[in-house]
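*Asks:* Here you go, this is final39.json (JSON, C-alpha atoms).
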[["chain", "number", "residue", "atom", "x", "y", "z"],
["A", 1, "MET", "CA", 23.72, 1.49, 7.98],
["A", 2, "ASN", "CA", 20.29, -0.11, 7.64],
["A", 3, "HIS", "CA", 18.18, 1.19, 4.76],
["A", 4, "THR", "CA", 15.56, 3.76, 5.74],
["A", 5, "PRO", "CA", 12.12, 2.66, 4.50],
["A", 6, "ILE", "CA", 10.92, 5.17, 1.90],
["A", 7, "ALA", "CA", 7.33, 5.68, 0.74],
["A", 8, "LEU", "CA", 6.36, 7.86, -2.23],
["A", 9, "THR", "CA", 3.00, 9.53, -2.70],
["A", 10, "ILE", "CA", 1.83, 10.66, -6.14],
["A", 11, "ALA", "CA", -1.19, 12.88, -5.53],
["A", 12, "GLY", "CA", -2.56, 16.41, -5.21],
["A", 13, "SER", "CA", -1.73, 18.98, -2.56],
["A", 14, "ASP", "CA", -4.31, 20.05, 0.05],
["A", 15, "SER", "CA", -3.39, 23.54, 1.23],
["A", 16, "GLY", "CA", -5.48, 22.96, 4.36],
["A", 17, "GLY", "CA", -3.26, 20.04, 5.31],
["A", 18, "GLY", "CA", -5.96, 17.46, 5.98],
["A", 19, "ALA", "CA", -5.92, 15.30, 2.85],
["A", 20, "GLY", "CA", -3.84, 14.66, -0.25],
["A", 21, "ILE", "CA", -0.07, 14.92, -0.16],
["A", 22, "GLN", "CA", -0.08, 16.47, 3.29],
["A", 23, "ALA", "CA", -2.12, 13.67, 4.85],
["A", 24, "ASP", "CA", 0.01, 11.09, 3.07],
["A", 25, "LEU", "CA", 3.27, 12.48, 4.40],
["A", 26, "LYS", "CA", 1.85, 12.70, 7.93],
["A", 27, "ALA", "CA", 0.71, 9.08, 7.83],
["A", 28, "PHE", "CA", 4.07, 7.95, 6.44],
["A", 29, "SER", "CA", 5.89, 9.73, 9.25],
["A", 30, "ALA", "CA", 3.54, 8.56, 11.99],
["A", 31, "LEU", "CA", 4.05, 4.93, 10.96],
["A", 32, "GLY", "CA", 7.81, 5.00, 10.54],
["A", 33, "ALA", "CA", 8.49, 5.59, 6.85],
["A", 34, "TYR", "CA", 10.35, 8.46, 5.20],
["A", 35, "GLY", "CA", 7.95, 10.25, 2.89],
["A", 36, "CYS", "CA", 8.62, 11.82, -0.49],
["A", 37, "SER", "CA", 6.15, 13.18, -3.01],
["A", 38, "VAL", "CA", 5.20, 13.83, -6.61],
["A", 39, "ILE", "CA", 2.57, 16.56, -6.79],
["A", 40, "THR", "CA", -0.05, 16.20, -9.52],
["A", 41, "ALA", "CA", -2.16, 19.26, -8.66],
["A", 42, "LEU", "CA", -2.35, 22.21, -6.29],
["A", 43, "THR", "CA", -5.58, 23.04, -4.53],
["A", 44, "ALA", "CA", -6.82, 26.11, -2.72],
["A", 45, "GLN", "CA", -8.58, 24.18, 0.03],
["A", 46, "ASN", "CA", -9.56, 24.35, 3.68],
["A", 47, "THR", "CA", -11.87, 22.52, 6.07],
["A", 48, "GLN", "CA", -14.91, 24.06, 4.36],
["A", 49, "GLY", "CA", -14.17, 22.93, 0.82],
["A", 50, "VAL", "CA", -12.11, 23.36, -2.33],
["A", 51, "GLN", "CA", -11.90, 26.87, -3.71],
["A", 52, "GLY", "CA", -9.64, 26.15, -6.68],
["A", 53, "ILE", "CA", -7.51, 23.55, -8.48],
["A", 54, "PHE", "CA", -4.36, 24.10, -10.51],
["A", 55, "ASP", "CA", -3.07, 21.01, -12.35],
["A", 56, "THR", "CA", 0.59, 20.41, -12.95],
["A", 57, "THR", "CA", 1.56, 18.97, -16.33],
["A", 58, "PRO", "CA", 2.11, 15.28, -17.15],
["A", 59, "GLU", "CA", 5.65, 16.17, -18.24],
["A", 60, "PHE", "CA", 6.46, 17.76, -14.90],
["A", 61, "VAL", "CA", 4.90, 14.89, -13.00],
["A", 62, "ARG", "CA", 7.17, 12.50, -14.88],
["A", 63, "MET", "CA", 10.14, 14.77, -14.19],
["A", 64, "GLN", "CA", 9.36, 14.64, -10.46],
["A", 65, "MET", "CA", 9.12, 10.84, -10.60],
["A", 66, "ASP", "CA", 12.43, 10.51, -12.43],
["A", 67, "SER", "CA", 14.09, 12.88, -9.96],
["A", 68, "VAL", "CA", 12.90, 10.92, -6.93],
["A", 69, "PHE", "CA", 13.65, 7.45, -8.30],
["A", 70, "SER", "CA", 17.08, 8.42, -9.63],
["A", 71, "ASP", "CA", 18.29, 9.21, -6.11],
["A", 72, "LEU", "CA", 16.02, 7.60, -3.51],
["A", 73, "THR", "CA", 15.46, 3.88, -2.99],
["A", 74, "VAL", "CA", 11.68, 3.90, -2.90],
["A", 75, "ASN", "CA", 10.13, 0.82, -1.29],
["A", 76, "ALA", "CA", 6.43, 1.47, -1.89],
["A", 77, "VAL", "CA", 4.28, 3.93, -3.83],
["A", 78, "LYS", "CA", 0.80, 5.31, -3.17],
["A", 79, "ILE", "CA", -1.24, 6.96, -5.92],
["A", 80, "GLY", "CA", -4.08, 9.34, -5.14],
["A", 81, "MET", "CA", -6.08, 11.60, -7.42],
["A", 82, "LEU", "CA", -4.87, 11.95, -11.00],
["A", 83, "SER", "CA", -6.88, 14.65, -12.69],
["A", 84, "GLN", "CA", -6.62, 13.82, -16.40],
["A", 85, "GLU", "CA", -5.93, 11.00, -18.84],
["A", 86, "PRO", "CA", -2.45, 12.19, -19.96],
["A", 87, "MET", "CA", -1.45, 12.40, -16.27],
["A", 88, "ILE", "CA", -2.50, 8.80, -15.69],
["A", 89, "ARG", "CA", -0.49, 7.63, -18.70],
["A", 90, "ALA", "CA", 2.58, 9.59, -17.57],
["A", 91, "VAL", "CA", 2.42, 8.04, -14.11],
["A", 92, "ALA", "CA", 1.91, 4.54, -15.52],
["A", 93, "GLU", "CA", 4.93, 4.95, -17.79],
["A", 94, "GLY", "CA", 7.00, 6.21, -14.88],
["A", 95, "LEU", "CA", 6.03, 3.23, -12.73],
["A", 96, "ASP", "CA", 7.12, 0.87, -15.51],
["A", 97, "ALA", "CA", 10.37, 2.75, -16.11],
["A", 98, "HIS", "CA", 11.32, 2.47, -12.44],
["A", 99, "SER", "CA", 10.05, -1.10, -11.88],
["A", 100, "VAL", "CA", 7.74, -0.31, -8.97],
["A", 101, "GLU", "CA", 6.70, -3.52, -7.21],
["A", 102, "LEU", "CA", 4.59, -2.35, -4.26],
["A", 103, "LEU", "CA", 1.81, -0.03, -5.39],
["A", 104, "VAL", "CA", -1.28, 1.17, -3.52],
["A", 105, "VAL", "CA", -3.85, 2.81, -5.79],
["A", 106, "ASP", "CA", -6.50, 4.93, -4.10],
["A", 107, "PRO", "CA", -8.86, 5.65, -7.03],
["A", 108, "VAL", "CA", -10.01, 9.12, -6.03],
["A", 109, "MET", "CA", -12.75, 9.69, -8.59],
["A", 110, "VAL", "CA", -15.88, 10.83, -6.77],
["A", 111, "ALA", "CA", -16.34, 14.01, -4.74],
["A", 112, "THR", "CA", -18.23, 14.04, -1.44],
["A", 113, "SER", "CA", -21.13, 15.55, -3.38],
["A", 114, "GLY", "CA", -21.23, 12.42, -5.56],
["A", 115, "ASP", "CA", -19.91, 14.20, -8.65],
["A", 116, "LYS", "CA", -17.34, 12.40, -10.80],
["A", 117, "LEU", "CA", -13.88, 13.96, -10.68],
["A", 118, "LEU", "CA", -12.67, 12.22, -13.85],
["A", 119, "GLN", "CA", -14.10, 12.00, -17.33],
["A", 120, "ASP", "CA", -15.18, 8.57, -18.55],
["A", 121, "ASN", "CA", -12.15, 8.17, -20.83],
["A", 122, "ALA", "CA", -9.84, 8.94, -17.90],
["A", 123, "ILE", "CA", -11.64, 6.37, -15.76],
["A", 124, "ASN", "CA", -11.12, 3.78, -18.49],
["A", 125, "THR", "CA", -7.43, 4.70, -18.68],
["A", 126, "LEU", "CA", -7.13, 4.30, -14.91],
["A", 127, "LYS", "CA", -8.65, 0.83, -15.20],
["A", 128, "GLU", "CA", -6.46, -0.15, -18.12],
["A", 129, "CYS", "CA", -3.11, 1.42, -17.22],
["A", 130, "LEU", "CA", -2.86, 1.68, -13.43],
["A", 131, "ILE", "CA", -5.13, -0.77, -11.63],
["A", 132, "PRO", "CA", -3.49, -3.88, -13.19],
["A", 133, "LYS", "CA", -0.17, -2.68, -11.73],
["A", 134, "ALA", "CA", -1.58, -2.35, -8.19],
["A", 135, "THR", "CA", -0.70, -4.45, -5.21],
["A", 136, "VAL", "CA", -4.00, -3.28, -3.72],
["A", 137, "ILE", "CA", -6.71, -0.80, -4.68],
["A", 138, "THR", "CA", -8.68, 1.02, -1.98],
["A", 139, "PRO", "CA", -11.97, 2.38, -3.38],
["A", 140, "ASN", "CA", -14.80, 3.66, -1.23],
["A", 141, "LEU", "CA", -18.31, 2.62, -2.22],
["A", 142, "PRO", "CA", -19.03, 5.43, -4.73],
["A", 143, "GLU", "CA", -15.63, 4.85, -6.35],
["A", 144, "ALA", "CA", -16.19, 1.10, -6.53],
["A", 145, "ALA", "CA", -19.54, 1.80, -8.20],
["A", 146, "VAL", "CA", -17.86, 4.00, -10.82],
["A", 147, "LEU", "CA", -15.17, 1.40, -11.50],
["A", 148, "LEU", "CA", -17.83, -1.26, -12.09],
["A", 149, "ASP", "CA", -20.39, 1.08, -13.70],
["A", 150, "THR", "CA", -23.07, 0.06, -11.25],
["A", 151, "LYS", "CA", -25.08, 1.58, -8.41],
["A", 152, "VAL", "CA", -23.61, 2.39, -5.01],
["A", 153, "PRO", "CA", -24.20, -0.56, -2.66],
["A", 154, "GLU", "CA", -26.58, -0.09, 0.24],
["A", 155, "SER", "CA", -25.74, -3.21, 2.25],
["A", 156, "ILE", "CA", -22.81, -5.39, 3.24],
["A", 157, "GLU", "CA", -24.16, -8.07, 0.90],
["A", 158, "GLU", "CA", -24.16, -5.72, -2.10],
["A", 159, "MET", "CA", -20.73, -4.49, -1.08],
["A", 160, "ALA", "CA", -19.40, -8.06, -0.90],
["A", 161, "ALA", "CA", -20.76, -8.76, -4.39],
["A", 162, "MET", "CA", -18.36, -6.12, -5.74],
["A", 163, "VAL", "CA", -15.20, -7.84, -4.53],
["A", 164, "GLU", "CA", -14.73, -10.41, -7.30],
["A", 165, "PRO", "CA", -15.55, -7.97, -10.15],
["A", 166, "LEU", "CA", -13.07, -5.47, -8.71],
["A", 167, "LEU", "CA", -10.39, -8.16, -8.47],
["A", 168, "ALA", "CA", -11.09, -8.98, -12.11],
["A", 169, "LEU", "CA", -9.82, -5.49, -13.04],
["A", 170, "GLY", "CA", -6.33, -6.85, -12.39],
["A", 171, "SER", "CA", -5.03, -5.71, -9.03],
["A", 172, "ARG", "CA", -3.50, -8.28, -6.70],
["A", 173, "ALA", "CA", -5.88, -7.39, -3.85],
["A", 174, "VAL", "CA", -8.87, -5.16, -3.12],
["A", 175, "LEU", "CA", -9.90, -3.18, -0.05],
["A", 176, "ILE", "CA", -13.44, -1.79, -0.28],
["A", 177, "LYS", "CA", -14.07, 0.93, 2.30],
["A", 178, "GLY", "CA", -17.60, 0.73, 3.67],
["A", 179, "GLY", "CA", -17.82, 4.01, 5.55],
["A", 180, "HIS", "CA", -20.64, 5.27, 3.32],
["A", 181, "LEU", "CA", -22.98, 2.51, 4.52],
["A", 182, "GLY", "CA", -23.65, 4.41, 7.74],
["A", 183, "SER", "CA", -23.90, 1.25, 9.85],
["A", 184, "GLU", "CA", -23.13, 1.19, 13.57],
["A", 185, "GLU", "CA", -19.68, -0.20, 12.83],
["A", 186, "SER", "CA", -17.25, 0.87, 10.13],
["A", 187, "VAL", "CA", -16.91, -2.25, 7.97],
["A", 188, "ASP", "CA", -14.29, -2.68, 5.25],
["A", 189, "LEU", "CA", -13.88, -5.77, 3.08],
["A", 190, "PHE", "CA", -10.38, -6.88, 2.10],
["A", 191, "HIS", "CA", -9.64, -9.65, -0.39],
["A", 192, "ASP", "CA", -5.99, -10.63, -0.50],
["A", 193, "GLY", "CA", -6.40, -12.52, -3.76],
["A", 194, "GLU", "CA", -7.19, -15.78, -2.00],
["A", 195, "LYS", "CA", -9.36, -15.00, 1.02],
["A", 196, "LEU", "CA", -11.94, -12.39, 2.04],
["A", 197, "HIS", "CA", -11.40, -10.58, 5.33],
["A", 198, "ARG", "CA", -14.03, -8.50, 7.11],
["A", 199, "LEU", "CA", -12.41, -5.63, 9.01],
["A", 200, "THR", "CA", -14.48, -3.71, 11.54],
["A", 201, "SER", "CA", -13.97, -0.79, 13.88],
["A", 202, "PRO", "CA", -16.33, 1.38, 15.94],
["A", 203, "ARG", "CA", -17.97, 4.34, 14.22],
["A", 204, "TYR", "CA", -16.89, 7.40, 16.18],
["A", 205, "PRO", "CA", -19.25, 10.40, 16.47],
["A", 206, "THR", "CA", -17.12, 13.14, 14.91],
["A", 207, "GLU", "CA", -17.38, 15.43, 11.89],
["A", 208, "ASN", "CA", -13.58, 15.62, 11.69],
["A", 209, "THR", "CA", -12.99, 12.92, 9.10],
["A", 210, "HIS", "CA", -11.37, 14.91, 6.30],
["A", 211, "GLY", "CA", -8.63, 12.85, 4.64],
["A", 212, "THR", "CA", -9.61, 9.43, 5.96],
["A", 213, "GLY", "CA", -9.26, 7.69, 2.59],
["A", 214, "CYS", "CA", -5.91, 9.30, 1.81],
["A", 215, "THR", "CA", -4.65, 8.45, 5.28],
["A", 216, "LEU", "CA", -5.71, 4.80, 5.16],
["A", 217, "SER", "CA", -4.09, 4.11, 1.80],
["A", 218, "SER", "CA", -0.94, 5.93, 2.92],
["A", 219, "ALA", "CA", -0.80, 3.93, 6.13],
["A", 220, "ILE", "CA", -0.87, 0.72, 4.09],
["A", 221, "THR", "CA", 1.93, 2.11, 1.89],
["A", 222, "ALA", "CA", 4.09, 3.08, 4.86],
["A", 223, "LEU", "CA", 3.80, -0.41, 6.33],
["A", 224, "LEU", "CA", 4.49, -2.14, 3.01],
["A", 225, "ALA", "CA", 7.61, 0.02, 2.66],
["A", 226, "GLN", "CA", 8.86, -1.50, 5.91],
["A", 227, "GLY", "CA", 8.35, -5.06, 4.74],
["A", 228, "VAL", "CA", 5.04, -5.77, 6.47],
["A", 229, "GLU", "CA", 3.05, -8.45, 4.65],
["A", 230, "LEU", "CA", 0.03, -7.09, 2.77],
["A", 231, "THR", "CA", -2.81, -8.53, 4.83],
["A", 232, "GLU", "CA", -1.13, -7.51, 8.08],
["A", 233, "ALA", "CA", -0.40, -4.05, 6.65],
["A", 234, "VAL", "CA", -4.08, -3.56, 5.78],
["A", 235, "LYS", "CA", -5.20, -4.68, 9.25],
["A", 236, "GLN", "CA", -2.68, -2.42, 11.02],
["A", 237, "ALA", "CA", -3.63, 0.51, 8.77],
["A", 238, "LYS", "CA", -7.32, -0.04, 9.58],
["A", 239, "ASP", "CA", -6.50, 0.11, 13.29],
["A", 240, "TYR", "CA", -4.41, 3.25, 12.76],
["A", 241, "ILE", "CA", -7.12, 5.18, 10.89],
["A", 242, "ALA", "CA", -9.74, 4.12, 13.45],
["A", 243, "GLN", "CA", -7.65, 5.66, 16.23],
["A", 244, "ALA", "CA", -6.86, 8.73, 14.13],
["A", 245, "ILE", "CA", -10.62, 9.28, 13.80],
["A", 246, "ALA", "CA", -11.24, 8.50, 17.47],
["A", 247, "HIS", "CA", -8.77, 11.23, 18.50],
["A", 248, "ALA", "CA", -9.73, 13.74, 15.79],
["A", 249, "ASP", "CA", -11.67, 15.98, 18.17],
["A", 250, "GLU", "CA", -8.52, 16.60, 20.17],
["A", 251, "LEU", "CA", -7.48, 18.90, 17.33],
["A", 252, "ASP", "CA", -9.00, 22.33, 16.73],
["A", 253, "ILE", "CA", -8.48, 22.92, 13.02],
["A", 254, "GLY", "CA", -10.71, 25.24, 10.99],
["A", 255, "SER", "CA", -14.47, 25.73, 11.18],
["A", 256, "GLY", "CA", -15.60, 22.95, 8.84],
["A", 257, "HIS", "CA", -14.83, 19.25, 8.57],
["A", 258, "GLY", "CA", -11.45, 18.99, 10.23],
["A", 259, "PRO", "CA", -8.75, 16.38, 9.71],
["A", 260, "VAL", "CA", -8.15, 13.13, 11.52],
["A", 261, "HIS", "CA", -5.35, 13.09, 14.11],
["A", 262, "HIS", "CA", -2.41, 11.52, 12.28],
["A", 263, "PHE", "CA", -0.12, 11.88, 15.29],
["A", 264, "HIS", "CA", -2.54, 10.75, 18.01],
["A", 265, "ALA", "CA", 0.03, 8.28, 19.37],
["A", 266, "LEU", "CA", 2.89, 10.79, 19.35],
["A", 267, "TRP", "CA", 1.50, 14.12, 20.51],
["A", 268, "LYS", "CA", 0.86, 14.60, 24.20],
["A", 269, "ASN", "CA", -2.52, 16.09, 25.05],
["A", 270, "LYS", "CA", -2.54, 19.61, 26.36],
["A", 271, "PRO", "CA", -3.30, 19.82, 30.11]]
Would you mind writing the file's structure down as structure tokens?
*Replies:*
Amino acid sequence: MNHTPIALTIAGSDSGGGAGIQADLKAFSALGAYGCSVITALTAQNTQGVQGIFDTTPEFVRMQMDSVFSDLTVNAVKIGMLSQEPMIRAVAEGLDAHSVELLVVDPVMVATSGDKLLQDNAINTLKECLIPKATVITPNLPEAAVLLDTKVPESIEEMAAMVEPLLALGSRAVLIKGGHLGSEESVDLFHDGEKLHRLTSPRYPTENTHGTGCTLSSAITALLAQGVELTEAVKQAKDYIAQAIAHADELDIGSGHGPVHHFHALWKNKP
């Protein structure tokens, strides 16, 4: 029997189903990988916002990691929000203990409001302990600004100037998501360690974009788990999230900012 590609997400749970663990597992499934999870936090959350957060413990996160890796042959790992410094260290130690080779780090550090979600010491730990282990990191513009302790870029040129400093943090490759620029096209910049790629897609007029960052990083992870080469995985994931956004309004979920349509290629539209 051929091995089933397995992708692991280490992140928080979104009770509304649009982001976090739930979005990750949907993206894994939509793109052909078996998804498993390590939950770092529970949220009381819906399309209108986050009403509460309950962190798990670093010890239990490590227990979940050991449980998964002791039984499942995990091909690629995605890391989302880690809420505290001890959690980051526990995850980093677990990655080392289980010799993870393909790692996508989505440094979820800044809320939509612009508020930091991690203390400065935790941000430093993320930079020191996790980013150097990454195959690719996928910050949006506010997150890239936090990582480099600089202002949020307001142009493609300022965005491009961040690429080399982000690579210097130690990851093999960097994908900077440019959605916050508000340009006519959605422009991301991907550096594979040798060459810079400009990835563009149309900007679709929808408010249903909850979970786009989680979904993109998970799509990359799912493709890496199946043996797709990194640059091709990033390009295919970019196409996937663009279509998930394009079809988002086919869903009727909640009264706020709804999710993207992870299964746009699989669900048949209602007559």
*Asks:* So the first atom is atom CA of A:Gly20 and the second is atom CA of A:Gly211; what is the distance between them in Å, to one decimal place?
*Replies:*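 Computing it gives 7.1 Å between the two atoms.
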*Asks:* Scan for residues within 12 Å of the point (13.0, 2.1, 1.8) in the coordinates of the file, using only C-alpha atoms, and reply as number ranges by chain.
*Replies:* A: 2-8, 28, 32-36, 69, 71-77, 102, 221-227
*Asks:* Using only C-alpha atoms, which of A:Gln64, A:Ser155, A:Thr150, A:Asn208 sits nearest A:Gln48?
*Replies:* A:Asn208
*Asks:* Please provide the set of residues having any atom within 12 Å of A:Thr135, restricted to all atoms listed in the file, with same-chain residues fewer than 2 positions apart removed, written as a PDB file with C-alpha atoms, keeping the file's coordinate frame.
*Replies:*
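Output file out.pdb is given in full below:
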ATOM      1  CA  ALA A  76       6.430   1.470  -1.890  1.00  0.00           C
ATOM      2  CA  VAL A  77       4.280   3.930  -3.830  1.00  0.00           C
ATOM      3  CA  LYS A  78       0.800   5.310  -3.170  1.00  0.00           C
ATOM      4  CA  ILE A  79      -1.240   6.960  -5.920  1.00  0.00           C
ATOM      5  CA  VAL A 100       7.740  -0.310  -8.970  1.00  0.00           C
ATOM      6  CA  GLU A 101       6.700  -3.520  -7.210  1.00  0.00           C
ATOM      7  CA  LEU A 102       4.590  -2.350  -4.260  1.00  0.00           C
ATOM      8  CA  LEU A 103       1.810  -0.030  -5.390  1.00  0.00           C
ATOM      9  CA  VAL A 104      -1.280   1.170  -3.520  1.00  0.00           C
ATOM     10  CA  VAL A 105      -3.850   2.810  -5.790  1.00  0.00           C
ATOM     11  CA  ASP A 106      -6.500   4.930  -4.100  1.00  0.00           C
ATOM     12  CA  LEU A 130      -2.860   1.680 -13.430  1.00  0.00           C
ATOM     13  CA  ILE A 131      -5.130  -0.770 -11.630  1.00  0.00           C
ATOM     14  CA  PRO A 132      -3.490  -3.880 -13.190  1.00  0.00           C
ATOM     15  CA  LYS A 133      -0.170  -2.680 -11.730  1.00  0.00           C
ATOM     16  CA  ILE A 137      -6.710  -0.800  -4.680  1.00  0.00           C
ATOM     17  CA  THR A 138      -8.680   1.020  -1.980  1.00  0.00           C
ATOM     18  CA  LEU A 167     -10.390  -8.160  -8.470  1.00  0.00           C
ATOM     19  CA  GLY A 170      -6.330  -6.850 -12.390  1.00  0.00           C
ATOM     20  CA  SER A 171      -5.030  -5.710  -9.030  1.00  0.00           C
ATOM     21  CA  ARG A 172      -3.500  -8.280  -6.700  1.00  0.00           C
ATOM     22  CA  ALA A 173      -5.880  -7.390  -3.850  1.00  0.00           C
ATOM     23  CA  VAL A 174      -8.870  -5.160  -3.120  1.00  0.00           C
ATOM     24  CA  LEU A 175      -9.900  -3.180  -0.050  1.00  0.00           C
ATOM     25  CA  HIS A 191      -9.640  -9.650  -0.390  1.00  0.00           C
ATOM     26  CA  ASP A 192      -5.990 -10.630  -0.500  1.00  0.00           C
ATOM     27  CA  GLY A 193      -6.400 -12.520  -3.760  1.00  0.00           C
ATOM     28  CA  SER A 217      -4.090   4.110   1.800  1.00  0.00           C
ATOM     29  CA  ILE A 220      -0.870   0.720   4.090  1.00  0.00           C
ATOM     30  CA  THR A 221       1.930   2.110   1.890  1.00  0.00           C
ATOM     31  CA  LEU A 224       4.490  -2.140   3.010  1.00  0.00           C
ATOM     32  CA  GLU A 229       3.050  -8.450   4.650  1.00  0.00           C
ATOM     33  CA  LEU A 230       0.030  -7.090   2.770  1.00  0.00           C
ATOM     34  CA  THR A 231      -2.810  -8.530   4.830  1.00  0.00           C
ATOM     35  CA  ALA A 233      -0.400  -4.050   6.650  1.00  0.00           C
ATOM     36  CA  VAL A 234      -4.080  -3.560   5.780  1.00  0.00           C
TER      37      VAL A 234
END
*Asks:* Identify which of the residues A:Glu154, A:Lys127, A:Pro142, A:Ser255 lies closest to A:Ala168, counting all atoms listed in the file when measuring atom-to-atom distances.
*Replies:*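 Closest to A:Ala168, using all atoms listed in the file: A:Lys127.
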*Asks:* Quick one: residues within 12 Å of A:Gly49, only C-alpha atoms, excluding same-chain residues fewer than 4 positions away - as a VMD selection string?
*Replies:* chain A and resid 14 to 16 18 to 19 43 to 45 53 111 to 113 210 254 to 258
*Asks:* Mind giving me the straight-line distance from atom CA of A:Ala219 to atom CA of A:Lys235 in Å, one decimal?
*Replies:* 10.2 Å
*Asks:* Expressed in Å to a single decimal, how great is the separation between atom CA of A:Gln236 and atom CA of A:Leu251?
*Replies:*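 Value for the atom CA of A:Gln236-atom CA of A:Leu251 distance: 22.7 Å.
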*Asks:* Which residues are near A:Val61? Cut-off 12 Å, all atoms listed in the file, ignore same chain within fewer than 2 positions. Put them as a PDB file with C-alpha atoms, in the frame of the given file.
*Replies:*
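Ended up saving to out23.pdb:
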ATOM      1  CA  THR A   9       3.000   9.530  -2.700  1.00  0.00           C
ATOM      2  CA  ILE A  10       1.830  10.660  -6.140  1.00  0.00           C
ATOM      3  CA  ALA A  11      -1.190  12.880  -5.530  1.00  0.00           C
ATOM      4  CA  GLY A  12      -2.560  16.410  -5.210  1.00  0.00           C
ATOM      5  CA  SER A  37       6.150  13.180  -3.010  1.00  0.00           C
ATOM      6  CA  VAL A  38       5.200  13.830  -6.610  1.00  0.00           C
ATOM      7  CA  ILE A  39       2.570  16.560  -6.790  1.00  0.00           C
ATOM      8  CA  THR A  40      -0.050  16.200  -9.520  1.00  0.00           C
ATOM      9  CA  ALA A  41      -2.160  19.260  -8.660  1.00  0.00           C
ATOM     10  CA  ASP A  55      -3.070  21.010 -12.350  1.00  0.00           C
ATOM     11  CA  THR A  56       0.590  20.410 -12.950  1.00  0.00           C
ATOM     12  CA  THR A  57       1.560  18.970 -16.330  1.00  0.00           C
ATOM     13  CA  PRO A  58       2.110  15.280 -17.150  1.00  0.00           C
ATOM     14  CA  GLU A  59       5.650  16.170 -18.240  1.00  0.00           C
ATOM     15  CA  MET A  63      10.140  14.770 -14.190  1.00  0.00           C
ATOM     16  CA  GLN A  64       9.360  14.640 -10.460  1.00  0.00           C
ATOM     17  CA  MET A  65       9.120  10.840 -10.600  1.00  0.00           C
ATOM     18  CA  ASP A  66      12.430  10.510 -12.430  1.00  0.00           C
ATOM     19  CA  SER A  67      14.090  12.880  -9.960  1.00  0.00           C
ATOM     20  CA  VAL A  68      12.900  10.920  -6.930  1.00  0.00           C
ATOM     21  CA  LEU A  82      -4.870  11.950 -11.000  1.00  0.00           C
ATOM     22  CA  SER A  83      -6.880  14.650 -12.690  1.00  0.00           C
ATOM     23  CA  PRO A  86      -2.450  12.190 -19.960  1.00  0.00           C
ATOM     24  CA  MET A  87      -1.450  12.400 -16.270  1.00  0.00           C
ATOM     25  CA  ILE A  88      -2.500   8.800 -15.690  1.00  0.00           C
ATOM     26  CA  ARG A  89      -0.490   7.630 -18.700  1.00  0.00           C
ATOM     27  CA  ALA A  90       2.580   9.590 -17.570  1.00  0.00           C
ATOM     28  CA  VAL A  91       2.420   8.040 -14.110  1.00  0.00           C
ATOM     29  CA  ALA A  92       1.910   4.540 -15.520  1.00  0.00           C
ATOM     30  CA  GLU A  93       4.930   4.950 -17.790  1.00  0.00           C
ATOM     31  CA  GLY A  94       7.000   6.210 -14.880  1.00  0.00           C
ATOM     32  CA  LEU A  95       6.030   3.230 -12.730  1.00  0.00           C
TER      33      LEU A  95
END
*Asks:* Closest to A:Ala265 among A:Leu147, A:Ile241, A:Cys214, A:Ile253, using only C-alpha atoms?
*Replies:*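 The closest residue to A:Ala265 is A:Ile241.
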*Asks:* In terms of the shortest atom-to-atom distance over only C-alpha atoms, which of A:Glu232, A:Gln84, A:Lys238, A:Asp149 is closest to A:Gly178?
*Replies:*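 When distances to A:Gly178 are compared using only C-alpha atoms, the smallest one comes from A:Lys238.
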*Asks:* Can you list, as a ChimeraX atom specification, every protein, DNA or RNA residue that comes within 10 Å of A:Phe263 when you count all atoms listed in the file, leaving out same-chain residues fewer than 4 positions away?
*Replies:* /A:26-27,29-31,240,243-244,247-248,267-268
